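Quick notes on the structure that follows.
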Amino acid sequence: MKFSEKWLREWVNPNLDTEALVEKLTNAGLEVDAVEPVAGEFSGVKVGQVKTVVPHPDADKLRLTTVDVGEAELLSIVCGASNVREGLKIPVAVIGSVLPGNFKIKQAKLRGVPSFGMLCSAKELGLAESADGLMELAEEAPVGADFRDYLNLDDVSIDIDLTPNRSDCLGVAGVAREVGVLTSTDVTAVDCSEVKATSDKTFAVTVSASAACPRYLGRVIEGINPEAETPVWMQEKLRRSGLRSLGPVVDVTNYVMLEWGQPMHAFDLDTLNGGIQVRMGKAGEKLTLLDGQEIDINPETLLICDENAPLALAGIMGGEGSGVTDSTKNLFLEAAFFSPDAIAGKARSYGLHTDSSHRFERGVDPELAQQAMQRATALLLEIVGGQAGPVTEIVSADDLPQPAIITLREERIKRVLGLALEAEEVSEQLTRLGLDLKRENASWQVTVPSFRFDLSIEVDLIEELGRLYGYDKLPQTRPQGTVLTSNITETETQLERLQNLLVDRGFYEAVTYSFVEPKLHALLAETELAPIKLANPISADLSVMRTSLWPGLMQALVYNANRQHDRVRLFEVGRVFKGTLDNIEQHRQIGGVVYGSRQPEQWSEKERTVDFFDAKADVEALLAVAGGDIRFEAEAHAALHPGQSARIYKDGKAIGWLGALHPKLNKPVDIEGRVYLFEISLSAVLQSEIPAFTPLSKFPAIRRDLALLVDDSIKAGQIEDCLSKVDSDILKAFQLFDVYSGDGVEVGKKSLAVAFQLQHGERTLTDEEVDALIKTVTETLEQSVGATIRS
């Protein structure tokens, strides 16, 4: 919200300088972003009037002018502006003047002709960033007056960064109300008394979407002067608030919006047909907006229409076909309350953000439309003339926001703020804020005004009191309470332990967006899981909710690889989202990506690119923390290499995936080389088994090795499954330690070497016991996988 200090002081004028006023506003939560002069530093510039204009004898683009600046003699000034003409009133920098940038005006000769000053543009005076010609002043501008005094340019523009809950301060009236409370100064509001109708002319209004538009006001004004100009005082207030003048009718609606915070719109009445209809959009409808953009109407958009077609996006922007032009003579003036829920997000869905939508999205006072209508009518009649008809008002009382009634307790104020405020002070401050109070014993019954959408419960009122008292003045009280111990159990592994384990293995933790690009998601996620689409995404690249951590991790990998990082190991702990918008399921996952060499470059080991088993070792280390029966089964995943992908199972339940990125995806994701990915359900990893103690045997252990001859199709996991089923009290462990195929092994076969550790807890083993076990093992392997002992 940007406004000029002088405009604010017309409403409330505390005995504070600019710096103190800005500090008050910031400390009260209305953070001031910028304070800027409304004009450049200049002096000696006067209001002048051009008396004569003749061509320069030696230059086609120059003119010789005589200018009246209120002195005894006219000044001869050479000018090159295209809009210079007789009778024009302009700012004149006389000899001795100093313009912005310390540019001093001296007598000069232009193409041999003396010039005794300079006719100025708005840019040369620091009033605009660009200008096409001289700055033209109103006919009533007093010749000879100091230009700076004429426009009251000893002023600053104050720009406030308002939080979304303070829509009541999106107008000078709201800021003035705040300043009045902060400084205990009375506020002088402008006159908004009823403007009597001088015409019977009305225009029919029907509202079919009353929930989205509970209040709509319209008024016809006939016979305005299309040649009227916006007065200088209004143009200046608009300029100092960041808006340019667009003609008197539009300027008045913008002025009322800045003054009161109520957006308004004016239609050219002669372009309307039948009557105004406030309704929701229909499929296939189109509208060309004031900025020339043609849009396709979403059926969920609230529209202002006539009988033939849409005229405007309600609360956002008007249409080009019904807008006010330089030839408009009859107006239909609109002021309405649109529900924030009906407007929120709609402007952005069309790629728009306007002053109107900014206010309606946050909430406009539902009782303000009548006041704004009277104020705008009075200004229009004063500036462009015409005959005003009666106000047409359509109200749905059931759909209007109802005022909140809150009980505020003295004891609660003291408890929350840490100090006791005087009852009189509480009553005065809340009353100045516009709240209605009724004293009841040690509390107040507070009725919240319609313009404060952010006050709904008791602590909201206490926050207001603390804000007005001054956050910097509140006492510092050490919090007291009991320390709550966390519920740590051995059946659940701490997440921090898993994170530290991966960091110890050379990983870096990444945090990526929960929203991802649809095409990348389709490449990497499981094909049967359709992602949830966002109705109002930040951008097209962040338009669906992730069902996997892999898209974000791959983007992070590509980002780093493009910046000359040739060894990348990243992991992430985050949520994935499945289901539908109406029923979203959130699951926490832990995932990772491995790329590049196995070890950093070093002298003791040759460089080797990471492979599937390196990535598998990282996953196994992660899963070993929690324990359980972990298995890796070769299964297909659309994003993984067909020969290097595995489904991970814990206690028979699928918990994740591990594998190499499918080669066909390297080009689409823009990465060269082999990439390995894993993703596991976090809950499965965190759920751990309680370790049980087994006494150590005092008796010696025996190792026996077997060389098994099996078919090439037999996997090591099948051997392990088979050996795990052997029921023996002396078989403590077994380990596959070698795989061989080649000379001495027939084609289609391979040799697996398995080491067995044998030990008894209470006695020394005999050869007979060992031989019997080995026999049982070989028979079991032969029956299950067709293994034979290699001779």
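Chain labels follow the order of the structure tokens: the first chain is A, the next B, and so on; residue numbering restarts at 1 in every chain, and ligands are counted from 1 in their shown order.
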
What's the 10 Å shell around Asp296 (chain A), counting only C-alpha atoms, without same-chain residues fewer than 2 positions away, as an mmCIF file with N, CA, C and O atoms, in the first residue's frame?
data_model
loop_
_atom_site.group_PDB
_atom_site.id
_atom_site.type_symbol
_atom_site.label_atom_id
_atom_site.label_comp_id
_atom_site.auth_asym_id
_atom_site.auth_seq_id
_atom_site.Cartn_x
_atom_site.Cartn_y
_atom_site.Cartn_z
ATOM 1 N N GLY A 281 -19.361 -18.149 -14.637
ATOM 2 C CA GLY A 281 -19.064 -18.306 -16.043
ATOM 3 C C GLY A 281 -19.670 -19.568 -16.631
ATOM 4 O O GLY A 281 -20.079 -20.489 -15.924
ATOM 5 N N LYS A 282 -19.726 -19.603 -17.953
ATOM 6 C CA LYS A 282 -20.229 -20.759 -18.686
ATOM 7 C C LYS A 282 -19.133 -21.261 -19.619
ATOM 8 O O LYS A 282 -18.318 -20.496 -20.116
ATOM 9 N N ALA A 283 -19.124 -22.562 -19.838
ATOM 10 C CA ALA A 283 -18.123 -23.173 -20.710
ATOM 11 C C ALA A 283 -18.209 -22.566 -22.109
ATOM 12 O O ALA A 283 -19.293 -22.378 -22.656
ATOM 13 N N GLY A 284 -17.032 -22.232 -22.664
ATOM 14 C CA GLY A 284 -16.975 -21.697 -24.022
ATOM 15 C C GLY A 284 -17.027 -20.192 -24.115
ATOM 16 O O GLY A 284 -16.812 -19.633 -25.190
ATOM 17 N N GLU A 285 -17.320 -19.499 -23.017
ATOM 18 C CA GLU A 285 -17.371 -18.036 -23.053
ATOM 19 C C GLU A 285 -15.966 -17.453 -23.137
ATOM 20 O O GLU A 285 -15.008 -18.000 -22.590
ATOM 21 N N LYS A 286 -15.844 -16.311 -23.799
ATOM 22 C CA LYS A 286 -14.579 -15.598 -23.931
ATOM 23 C C LYS A 286 -14.783 -14.144 -23.534
ATOM 24 O O LYS A 286 -15.896 -13.626 -23.554
ATOM 25 N N LEU A 287 -13.673 -13.492 -23.166
ATOM 26 C CA LEU A 287 -13.738 -12.081 -22.781
ATOM 27 C C LEU A 287 -12.406 -11.424 -23.117
ATOM 28 O O LEU A 287 -11.341 -11.965 -22.810
ATOM 29 N N THR A 288 -12.487 -10.269 -23.770
ATOM 30 C CA THR A 288 -11.296 -9.461 -24.020
ATOM 31 C C THR A 288 -11.191 -8.423 -22.923
ATOM 32 O O THR A 288 -12.085 -7.593 -22.742
ATOM 33 N N GLU A 294 -7.295 -11.668 -24.611
ATOM 34 C CA GLU A 294 -8.521 -12.463 -24.712
ATOM 35 C C GLU A 294 -8.351 -13.735 -23.899
ATOM 36 O O GLU A 294 -7.354 -14.439 -24.034
ATOM 37 N N ASN A 298 -13.291 -19.665 -17.262
ATOM 38 C CA ASN A 298 -13.467 -20.867 -16.453
ATOM 39 C C ASN A 298 -14.865 -20.834 -15.825
ATOM 40 O O ASN A 298 -15.273 -19.808 -15.283
ATOM 41 N N PRO A 299 -15.606 -21.929 -15.872
ATOM 42 C CA PRO A 299 -16.964 -21.911 -15.302
ATOM 43 C C PRO A 299 -17.013 -21.569 -13.815
ATOM 44 O O PRO A 299 -18.066 -21.205 -13.305
ATOM 45 N N TYR A 350 -5.549 -16.694 -14.464
ATOM 46 C CA TYR A 350 -5.548 -16.041 -15.772
ATOM 47 C C TYR A 350 -4.249 -15.269 -16.011
ATOM 48 O O TYR A 350 -4.137 -14.508 -16.977
#

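Of the listed residues (A:Leu468, A:Leu400, A:Leu773, A:Ala39), A:Ala39 comes nearest to Glu129 (chain A); the distances count only C-alpha atoms.
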
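Our summary of the geometry notes that CA of Val685 (chain A) is positioned 7.7 Å from CA of Leu622 (chain A).
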
If you run DSSP over the backbone, which residues in region 31-213 of chain A end up alpha helix (DSSP H)? Put them as a list of chain:residue names.
->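 Reading the DSSP output for region 31-213 of chain A, alpha helix (DSSP H) covers A:Phe147, A:Arg148, A:Asp149, A:Tyr150, A:Val172, A:Ala173, A:Gly174, A:Val175, A:Ala176, A:Arg177, A:Glu178, A:Val179, A:Gly180, A:Val181, A:Leu182, A:Thr183.
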
Take CA of Val232 (chain A) and CA of Leu151 (chain A) and report the distance between them in Å, one decimal.
->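 These atoms are spaced 8.0 Å apart.
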
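Shortest separation to Gly466 (chain A) among A:Ala335, A:Leu421, A:Leu30, A:Val448 occurs at residue A:Leu421, atoms counted being only C-alpha atoms.
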
Which distance in Å separates CA of Val516 (chain A) and CA of Leu623 (chain A), to one decimal?
-> 27.9 Å

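The neighbours of region 739-746 of chain A here are the residues that come within 12 Å of it, using only C-alpha atoms and leaving out any residue fewer than 2 positions away in the same chain; they are Leu706, Ala707, Leu708, Leu709, Val710, Asp711, Asp712, Ile714, Lys715, Ala716, Gln735, Leu736, Phe737, Gly748, Lys749, Lys750, Ser751, Leu752, Ala753, Val754, Arg790 and Ser791 of chain A.
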
Can those selected residues be exported to a file as a PDB file, in the first residue's frame so that it contains C-alpha atoms?
ATOM      1  CA  LEU A 706      31.773 -76.545   0.086  1.00  0.00           C
ATOM      2  CA  ALA A 707      32.095 -75.962  -3.678  1.00  0.00           C
ATOM      3  CA  LEU A 708      28.627 -76.345  -5.170  1.00  0.00           C
ATOM      4  CA  LEU A 709      27.974 -76.878  -8.857  1.00  0.00           C
ATOM      5  CA  VAL A 710      24.625 -75.315  -9.894  1.00  0.00           C
ATOM      6  CA  ASP A 711      22.877 -74.051 -13.025  1.00  0.00           C
ATOM      7  CA  ASP A 712      23.656 -70.510 -14.171  1.00  0.00           C
ATOM      8  CA  ILE A 714      20.354 -70.314  -9.738  1.00  0.00           C
ATOM      9  CA  LYS A 715      20.718 -67.178  -7.638  1.00  0.00           C
ATOM     10  CA  ALA A 716      22.671 -66.799  -4.427  1.00  0.00           C
ATOM     11  CA  GLN A 735      28.733 -67.161   3.755  1.00  0.00           C
ATOM     12  CA  LEU A 736      29.019 -67.270  -0.038  1.00  0.00           C
ATOM     13  CA  PHE A 737      32.615 -66.232  -0.748  1.00  0.00           C
ATOM     14  CA  GLY A 748      25.564 -73.635 -18.342  1.00  0.00           C
ATOM     15  CA  LYS A 749      26.920 -74.286 -14.873  1.00  0.00           C
ATOM     16  CA  LYS A 750      28.735 -72.232 -12.248  1.00  0.00           C
ATOM     17  CA  SER A 751      30.588 -73.026  -9.050  1.00  0.00           C
ATOM     18  CA  LEU A 752      29.559 -71.371  -5.764  1.00  0.00           C
ATOM     19  CA  ALA A 753      31.881 -71.610  -2.764  1.00  0.00           C
ATOM     20  CA  VAL A 754      30.122 -71.455   0.619  1.00  0.00           C
ATOM     21  CA  ARG A 790      32.146 -80.124  -7.165  1.00  0.00           C
ATOM     22  CA  SER A 791      34.963 -82.634  -7.199  1.00  0.00           C
TER      23      SER A 791
END

Quick one: everything within 7 Å of region 312-325 of chain A, counting only C-alpha atoms, minus sequence neighbours fewer than 3 positions away in the same chain. Send it as number ranges by chain.
-> A: 266-268, 271-272, 287-290, 292, 302-305, 328, 338, 343, 347, 354, 356-357, 360

Residue list (strand (DSSP E), DSSP) for region 150-387 of chain A, as a ChimeraX atom specification | /A:156-161,205-207,215-222,264-268,276-280,286-288,294-296,302-305,310-313,317-318,331-337,387

Based on the selection just made, write N, CA and C atoms of those residues as a short mmCIF file (atom, residue, chain, number, x, y, z; two decimals), in the first residue's frame.
data_model
loop_
_atom_site.label_atom_id
_atom_site.label_comp_id
_atom_site.auth_asym_id
_atom_site.auth_seq_id
_atom_site.Cartn_x
_atom_site.Cartn_y
_atom_site.Cartn_z
N VAL A 156 6.56 13.07 0.83
CA VAL A 156 7.17 11.77 0.58
C VAL A 156 6.08 10.73 0.33
N SER A 157 6.43 9.70 -0.43
CA SER A 157 5.55 8.55 -0.60
C SER A 157 5.97 7.46 0.37
N ILE A 158 5.01 6.92 1.11
CA ILE A 158 5.28 5.86 2.08
C ILE A 158 4.72 4.56 1.52
N ASP A 159 5.56 3.55 1.46
CA ASP A 159 5.15 2.24 0.92
C ASP A 159 5.14 1.24 2.06
N ILE A 160 3.95 0.70 2.38
CA ILE A 160 3.77 -0.23 3.50
C ILE A 160 3.61 -1.64 2.95
N ASP A 161 4.36 -2.58 3.53
CA ASP A 161 4.24 -3.99 3.17
C ASP A 161 3.27 -4.65 4.16
N VAL A 205 -30.46 -4.85 -12.39
CA VAL A 205 -29.39 -5.69 -11.87
C VAL A 205 -30.00 -6.98 -11.30
N THR A 206 -29.44 -8.12 -11.70
CA THR A 206 -29.83 -9.40 -11.11
C THR A 206 -28.57 -10.12 -10.66
N VAL A 207 -28.64 -10.76 -9.50
CA VAL A 207 -27.50 -11.49 -8.95
C VAL A 207 -27.94 -12.94 -8.74
N ARG A 215 -23.44 -8.55 -1.97
CA ARG A 215 -23.89 -7.15 -2.07
C ARG A 215 -23.39 -6.57 -3.39
N TYR A 216 -24.33 -5.95 -4.14
CA TYR A 216 -23.98 -5.31 -5.40
C TYR A 216 -24.75 -4.00 -5.51
N LEU A 217 -24.01 -2.93 -5.77
CA LEU A 217 -24.61 -1.61 -5.94
C LEU A 217 -24.29 -1.08 -7.33
N GLY A 218 -25.29 -0.46 -7.96
CA GLY A 218 -25.08 0.16 -9.26
C GLY A 218 -25.78 1.50 -9.33
N ARG A 219 -25.22 2.40 -10.15
CA ARG A 219 -25.82 3.73 -10.27
C ARG A 219 -25.53 4.28 -11.66
N VAL A 220 -26.54 4.85 -12.27
CA VAL A 220 -26.41 5.46 -13.59
C VAL A 220 -26.09 6.95 -13.41
N ILE A 221 -25.11 7.43 -14.16
CA ILE A 221 -24.80 8.86 -14.21
C ILE A 221 -24.81 9.25 -15.69
N GLU A 222 -25.74 10.13 -16.06
CA GLU A 222 -25.92 10.51 -17.46
C GLU A 222 -25.33 11.89 -17.73
N MET A 264 -13.74 -0.20 -7.35
CA MET A 264 -14.96 0.14 -8.08
C MET A 264 -14.69 -0.01 -9.57
N HIS A 265 -15.77 0.01 -10.34
CA HIS A 265 -15.61 -0.07 -11.80
C HIS A 265 -16.72 0.76 -12.45
N ALA A 266 -16.35 1.41 -13.56
CA ALA A 266 -17.33 2.19 -14.31
C ALA A 266 -17.46 1.61 -15.71
N PHE A 267 -18.71 1.34 -16.11
CA PHE A 267 -19.01 0.84 -17.45
C PHE A 267 -19.54 1.98 -18.31
N ASP A 268 -19.28 1.89 -19.61
CA ASP A 268 -19.93 2.80 -20.57
C ASP A 268 -21.37 2.30 -20.75
N ILE A 276 -27.62 -5.69 -15.97
CA ILE A 276 -26.43 -6.31 -15.39
C ILE A 276 -26.82 -7.65 -14.76
N GLN A 277 -26.00 -8.67 -15.05
CA GLN A 277 -26.18 -10.00 -14.45
C GLN A 277 -24.87 -10.40 -13.77
N VAL A 278 -24.97 -10.71 -12.47
CA VAL A 278 -23.80 -11.20 -11.73
C VAL A 278 -23.98 -12.71 -11.61
N ARG A 279 -23.14 -13.45 -12.32
CA ARG A 279 -23.31 -14.91 -12.40
C ARG A 279 -21.96 -15.58 -12.57
N MET A 280 -21.97 -16.91 -12.47
CA MET A 280 -20.76 -17.69 -12.72
C MET A 280 -20.59 -17.87 -14.23
N LYS A 286 -15.84 -16.31 -23.80
CA LYS A 286 -14.58 -15.60 -23.93
C LYS A 286 -14.78 -14.14 -23.53
N LEU A 287 -13.67 -13.49 -23.17
CA LEU A 287 -13.74 -12.08 -22.78
C LEU A 287 -12.41 -11.42 -23.12
N THR A 288 -12.49 -10.27 -23.77
CA THR A 288 -11.30 -9.46 -24.02
C THR A 288 -11.19 -8.42 -22.92
N GLU A 294 -7.30 -11.67 -24.61
CA GLU A 294 -8.52 -12.46 -24.71
C GLU A 294 -8.35 -13.74 -23.90
N ILE A 295 -9.32 -14.04 -23.05
CA ILE A 295 -9.23 -15.21 -22.18
C ILE A 295 -10.44 -16.12 -22.39
N ASP A 296 -10.22 -17.40 -22.11
CA ASP A 296 -11.31 -18.37 -22.08
C ASP A 296 -11.82 -18.45 -20.64
N LEU A 302 -16.43 -15.88 -11.29
CA LEU A 302 -17.57 -14.96 -11.14
C LEU A 302 -17.45 -13.84 -12.18
N LEU A 303 -18.57 -13.59 -12.88
CA LEU A 303 -18.56 -12.61 -13.96
C LEU A 303 -19.60 -11.51 -13.74
N ILE A 304 -19.31 -10.34 -14.32
CA ILE A 304 -20.32 -9.29 -14.48
C ILE A 304 -20.69 -9.31 -15.96
N CYS A 305 -21.97 -9.50 -16.27
CA CYS A 305 -22.41 -9.67 -17.66
C CYS A 305 -23.60 -8.76 -17.94
N PRO A 310 -20.29 -11.66 -21.34
CA PRO A 310 -19.55 -11.19 -20.16
C PRO A 310 -18.98 -9.79 -20.40
N LEU A 311 -18.99 -8.99 -19.34
CA LEU A 311 -18.45 -7.63 -19.41
C LEU A 311 -17.15 -7.49 -18.62
N ALA A 312 -17.01 -8.27 -17.53
CA ALA A 312 -15.84 -8.10 -16.66
C ALA A 312 -15.64 -9.35 -15.81
N LEU A 313 -14.39 -9.58 -15.40
CA LEU A 313 -14.08 -10.57 -14.37
C LEU A 313 -14.35 -9.90 -13.03
N MET A 317 -10.82 -7.51 -13.23
CA MET A 317 -10.56 -6.55 -14.31
C MET A 317 -11.77 -6.45 -15.22
N GLY A 318 -12.00 -5.25 -15.75
CA GLY A 318 -13.10 -5.02 -16.67
C GLY A 318 -12.78 -5.48 -18.08
N LEU A 331 -22.63 6.71 -17.75
CA LEU A 331 -21.91 5.72 -16.97
C LEU A 331 -22.85 4.81 -16.21
N PHE A 332 -22.39 3.58 -15.98
CA PHE A 332 -22.98 2.73 -14.96
C PHE A 332 -21.88 2.44 -13.96
N LEU A 333 -22.04 2.95 -12.75
CA LEU A 333 -21.01 2.86 -11.72
C LEU A 333 -21.30 1.67 -10.81
N GLU A 334 -20.26 0.87 -10.57
CA GLU A 334 -20.41 -0.37 -9.79
C GLU A 334 -19.58 -0.31 -8.52
N ALA A 335 -20.20 -0.75 -7.41
CA ALA A 335 -19.47 -1.00 -6.15
C ALA A 335 -20.09 -2.26 -5.56
N ALA A 336 -19.25 -3.20 -5.13
CA ALA A 336 -19.78 -4.49 -4.69
C ALA A 336 -18.90 -5.09 -3.62
N PHE A 337 -19.46 -6.09 -2.94
CA PHE A 337 -18.67 -6.94 -2.05
C PHE A 337 -18.64 -8.33 -2.65
N GLN A 387 -25.97 13.86 -14.45
CA GLN A 387 -27.14 13.65 -13.62
C GLN A 387 -27.09 12.24 -13.04
#

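Distance check against Leu677 (chain A) using only C-alpha atoms: of A:Asp614, A:Asp68, A:Asp168, A:Glu779, the minimum falls on A:Asp614.
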
Contacts of Gly345 (chain A) at 10 Å or less, counting only C-alpha atoms, minus same-chain residues fewer than 6 places along, as a PyMOL selection string?
-> chain A and resi 351-353+357+361+535-536

Excluding Gly101 (chain A) and residues on its chain fewer than 4 positions from it, collect all residues at most 9 Å away from it, counting only C-alpha atoms, and give them as a VMD selection string.
-> chain A and resid 40 to 42

Put those residues in a file: N, CA, C and O atoms, as a short mmCIF file (atom, residue, chain, number, x, y, z; two decimals), in the first residue's frame.
data_model
loop_
_atom_site.label_atom_id
_atom_site.label_comp_id
_atom_site.auth_asym_id
_atom_site.auth_seq_id
_atom_site.Cartn_x
_atom_site.Cartn_y
_atom_site.Cartn_z
N GLY A 40 12.11 15.15 -7.50
CA GLY A 40 13.53 15.35 -7.36
C GLY A 40 13.83 16.65 -6.62
O GLY A 40 12.95 17.51 -6.42
N GLU A 41 15.09 16.82 -6.25
CA GLU A 41 15.51 18.05 -5.58
C GLU A 41 15.72 19.14 -6.63
O GLU A 41 16.59 19.02 -7.49
N PHE A 42 14.87 20.16 -6.60
CA PHE A 42 15.05 21.30 -7.51
C PHE A 42 14.53 22.56 -6.84
O PHE A 42 13.75 22.50 -5.87
#

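Contact shell of Ile648 (chain A) at 8 Å (only C-alpha atoms; same-chain neighbours under 4 positions omitted): A:Ile630, A:Arg631, A:Phe632, A:Glu633, A:Ala654, A:Ile655, A:Gly656, A:Trp657, A:Leu658, A:Ile680.
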